[in-house]
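A.B. asks: Dumping the structure here so I can ask a few things about it.
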Amino acid sequence: MPGWRPRRRAVLLAVVLLVVGAAAALWASWRDRTPERIVLVVIDTLRRDRVGAYGGRVATPHLDAFAAEGTRFERANGAFHQTTMSMGALFTGRTPSIEAREGGGPLPWTGDTWCGLARYSSGEGDACIPAAVPTLAEALSDAGYHTAGVVSNLMLFRPAGFDRGFDDWHEVGPLPESVRRAQAGASIRYDPRRTAGDKVNEAVARWLASRPGDRFF
């Protein structure tokens with residue numbers, strides 16, 4: 001029929017526009033339901049019986065207030081009983097392991113392997129969190145969040161890879177030479193004057209005062 005093909009094209013175009021419009025509306029609806037600000041607080045080596053919300057005798061009013069207003073998990077376990085492996089699992093969602101990718105033998109305990117993710121490494125020179133493994137910060141950055149990290153645990157300092165995906169990364173604490181010695185396996189003692197909570201809070205406050213917007217992780 002004369003004129004039928006143009007009408008069909010018009011109908012197809014209308015359908016495509018409708019689908020695109022529906023997808024855009026769905027994305028906007030999903031984005032509106034996501035939290036605008038996400039704050040992750042990690043305290044290394046904090047015992048359950050030292051938190052008031054879990055029956056501890058030590059006064060922890062701020063943590064207790066968080067627990068009272070939010071969700072408290074009664075059965076939560078770390079991925080491993082060591083900082084870098086637990087943090088490697090938290091930052092990537094991967095189960096830590098000290099086995100090699102091939103052969104299944106144990107790996108030497110070094111700053112390159114102590115995140116428990118060496119089986120994903122592309123070879124020598126890769127970070128403790130291998131470049132091939134996506135991170136939490138990268139995922140949230142892709143979702144439109146401005147990402148910032150403030151850390152005072154030298155095991156998470158550069159170049160371990162924990163900073164990947166963060167737009168801003170602030171390290172509070174030991175000097176870089178101390179970090180290199182620690183990541184090489186040497187025993188390093190923290191200086192409480194440089195790693196105390198008030199120093200971390202000051203760094204967080206400075207970032208908040210200069211943040212580019214309110215949608216952040």
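FYI, nothing fancy with the structure tokens labels: chains A, B, ... in order, residues from 1 per chain, ligands from 1 as they appear.
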Which residues are close to Ser86 in chain A, i.e. within 12 Å by only C-alpha atoms, leaving aside same-chain residues fewer than 2 positions away? Reply as a list of chain:residue names.
C.D. replies: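 Here the qualifying residues turn out to be A:Val42, A:Ile43, A:Asp44, A:Thr45, A:Asn77, A:Gly78, A:Ala79, A:Phe80, A:His81, A:Gln82, A:Thr83, A:Thr84, A:Gly88, A:Ala89, A:Leu90, A:Phe91, A:Thr92, A:Gly93, A:Arg94, A:Thr95, A:Pro96, A:Ser97, A:Trp114, A:Cys115, A:Gly116, A:Leu117, A:Ile129, A:Met155, A:Leu156.
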A.B. asks: Output the selection as an mmCIF file, in the first residue's frame - N, CA and C atoms for each residue.
C.D. replies:
data_model
loop_
_atom_site.group_PDB
_atom_site.id
_atom_site.type_symbol
_atom_site.label_atom_id
_atom_site.label_comp_id
_atom_site.auth_asym_id
_atom_site.auth_seq_id
_atom_site.Cartn_x
_atom_site.Cartn_y
_atom_site.Cartn_z
ATOM 1 N N VAL A 42 35.408 2.323 59.341
ATOM 2 C CA VAL A 42 36.064 1.062 59.676
ATOM 3 C C VAL A 42 36.995 1.289 60.853
ATOM 4 N N ILE A 43 36.846 0.480 61.882
ATOM 5 C CA ILE A 43 37.721 0.551 63.052
ATOM 6 C C ILE A 43 38.478 -0.764 63.143
ATOM 7 N N ASP A 44 39.781 -0.696 63.011
ATOM 8 C CA ASP A 44 40.588 -1.909 63.007
ATOM 9 C C ASP A 44 40.788 -2.427 64.435
ATOM 10 N N THR A 45 40.651 -3.730 64.604
ATOM 11 C CA THR A 45 40.913 -4.406 65.880
ATOM 12 C C THR A 45 40.017 -3.884 66.998
ATOM 13 N N ASN A 77 30.929 -11.600 60.870
ATOM 14 C CA ASN A 77 32.304 -12.076 61.005
ATOM 15 C C ASN A 77 33.191 -11.454 59.940
ATOM 16 N N GLY A 78 34.429 -11.203 60.320
ATOM 17 C CA GLY A 78 35.397 -10.712 59.357
ATOM 18 C C GLY A 78 35.757 -11.807 58.370
ATOM 19 N N ALA A 79 36.187 -11.399 57.167
ATOM 20 C CA ALA A 79 36.550 -12.380 56.148
ATOM 21 C C ALA A 79 37.833 -13.115 56.514
ATOM 22 N N PHE A 80 38.653 -12.506 57.354
ATOM 23 C CA PHE A 80 39.923 -13.115 57.763
ATOM 24 C C PHE A 80 40.397 -12.396 59.014
ATOM 25 N N HIS A 81 41.224 -13.053 59.809
ATOM 26 C CA HIS A 81 41.672 -12.451 61.073
ATOM 27 C C HIS A 81 42.946 -11.631 60.879
ATOM 28 N N GLN A 82 42.960 -10.855 59.823
ATOM 29 C CA GLN A 82 44.119 -10.018 59.535
ATOM 30 C C GLN A 82 43.646 -8.809 58.740
ATOM 31 N N THR A 83 44.223 -7.645 59.025
ATOM 32 C CA THR A 83 43.700 -6.390 58.494
ATOM 33 C C THR A 83 43.599 -6.362 56.977
ATOM 34 N N THR A 84 44.715 -6.581 56.287
ATOM 35 C CA THR A 84 44.711 -6.378 54.839
ATOM 36 C C THR A 84 43.799 -7.360 54.118
ATOM 37 N N GLY A 88 40.749 -6.177 52.080
ATOM 38 C CA GLY A 88 40.706 -6.584 50.681
ATOM 39 C C GLY A 88 39.357 -7.155 50.319
ATOM 40 N N ALA A 89 38.787 -7.964 51.221
ATOM 41 C CA ALA A 89 37.458 -8.537 50.990
ATOM 42 C C ALA A 89 36.389 -7.444 51.026
ATOM 43 N N LEU A 90 36.512 -6.495 51.960
ATOM 44 C CA LEU A 90 35.530 -5.424 52.086
ATOM 45 C C LEU A 90 35.543 -4.519 50.848
ATOM 46 N N PHE A 91 36.729 -4.234 50.334
ATOM 47 C CA PHE A 91 36.858 -3.305 49.216
ATOM 48 C C PHE A 91 36.516 -3.956 47.870
ATOM 49 N N THR A 92 36.544 -5.287 47.800
ATOM 50 C CA THR A 92 36.346 -5.941 46.508
ATOM 51 C C THR A 92 35.208 -6.959 46.486
ATOM 52 N N GLY A 93 34.766 -7.433 47.659
ATOM 53 C CA GLY A 93 33.742 -8.464 47.692
ATOM 54 C C GLY A 93 34.277 -9.848 47.367
ATOM 55 N N ARG A 94 35.602 -10.004 47.292
ATOM 56 C CA ARG A 94 36.211 -11.292 46.971
ATOM 57 C C ARG A 94 36.700 -11.980 48.241
ATOM 58 N N THR A 95 36.641 -13.301 48.251
ATOM 59 C CA THR A 95 37.102 -14.080 49.398
ATOM 60 C C THR A 95 38.627 -14.131 49.397
ATOM 61 N N PRO A 96 39.274 -13.763 50.503
ATOM 62 C CA PRO A 96 40.737 -13.781 50.535
ATOM 63 C C PRO A 96 41.294 -15.193 50.575
ATOM 64 N N SER A 97 42.464 -15.359 50.014
ATOM 65 C CA SER A 97 43.126 -16.663 49.985
ATOM 66 C C SER A 97 44.629 -16.442 49.943
ATOM 67 N N TRP A 114 49.483 -9.986 50.819
ATOM 68 C CA TRP A 114 48.756 -10.026 52.087
ATOM 69 C C TRP A 114 47.332 -9.457 52.017
ATOM 70 N N CYS A 115 46.846 -9.082 50.812
ATOM 71 C CA CYS A 115 45.428 -8.758 50.648
ATOM 72 C C CYS A 115 44.617 -10.009 50.332
ATOM 73 N N GLY A 116 45.312 -11.130 50.082
ATOM 74 C CA GLY A 116 44.622 -12.378 49.797
ATOM 75 C C GLY A 116 44.019 -12.447 48.411
ATOM 76 N N LEU A 117 44.480 -11.584 47.507
ATOM 77 C CA LEU A 117 43.901 -11.515 46.166
ATOM 78 C C LEU A 117 44.936 -11.751 45.073
ATOM 79 N N ILE A 129 45.972 -5.131 45.964
ATOM 80 C CA ILE A 129 44.666 -5.318 45.321
ATOM 81 C C ILE A 129 44.912 -5.213 43.826
ATOM 82 N N MET A 155 48.697 0.004 56.552
ATOM 83 C CA MET A 155 48.528 -1.168 55.710
ATOM 84 C C MET A 155 47.620 -0.880 54.514
ATOM 85 N N LEU A 156 46.858 0.207 54.587
ATOM 86 C CA LEU A 156 45.966 0.586 53.497
ATOM 87 C C LEU A 156 46.551 1.716 52.651
#
A.B. asks: Quick one: residues within 12 Å of Leu136 in chain A, only C-alpha atoms, excluding same-chain residues fewer than 3 positions away - as JSON, numbers by chain?
C.D. replies: {"A": [38, 40, 87, 88, 89, 90, 91, 92, 93, 94, 129, 133, 139, 140, 141, 142, 143, 145, 147, 148, 149, 161, 162, 163, 164, 165, 166, 217]}
A.B. asks: What residues in range 109-206 of chain A get the DSSP label alpha helix (DSSP H)? Please answer as an NGL selection string.
C.D. replies: :A and (136-142 or 176-183 or 192-195 or 197-206)
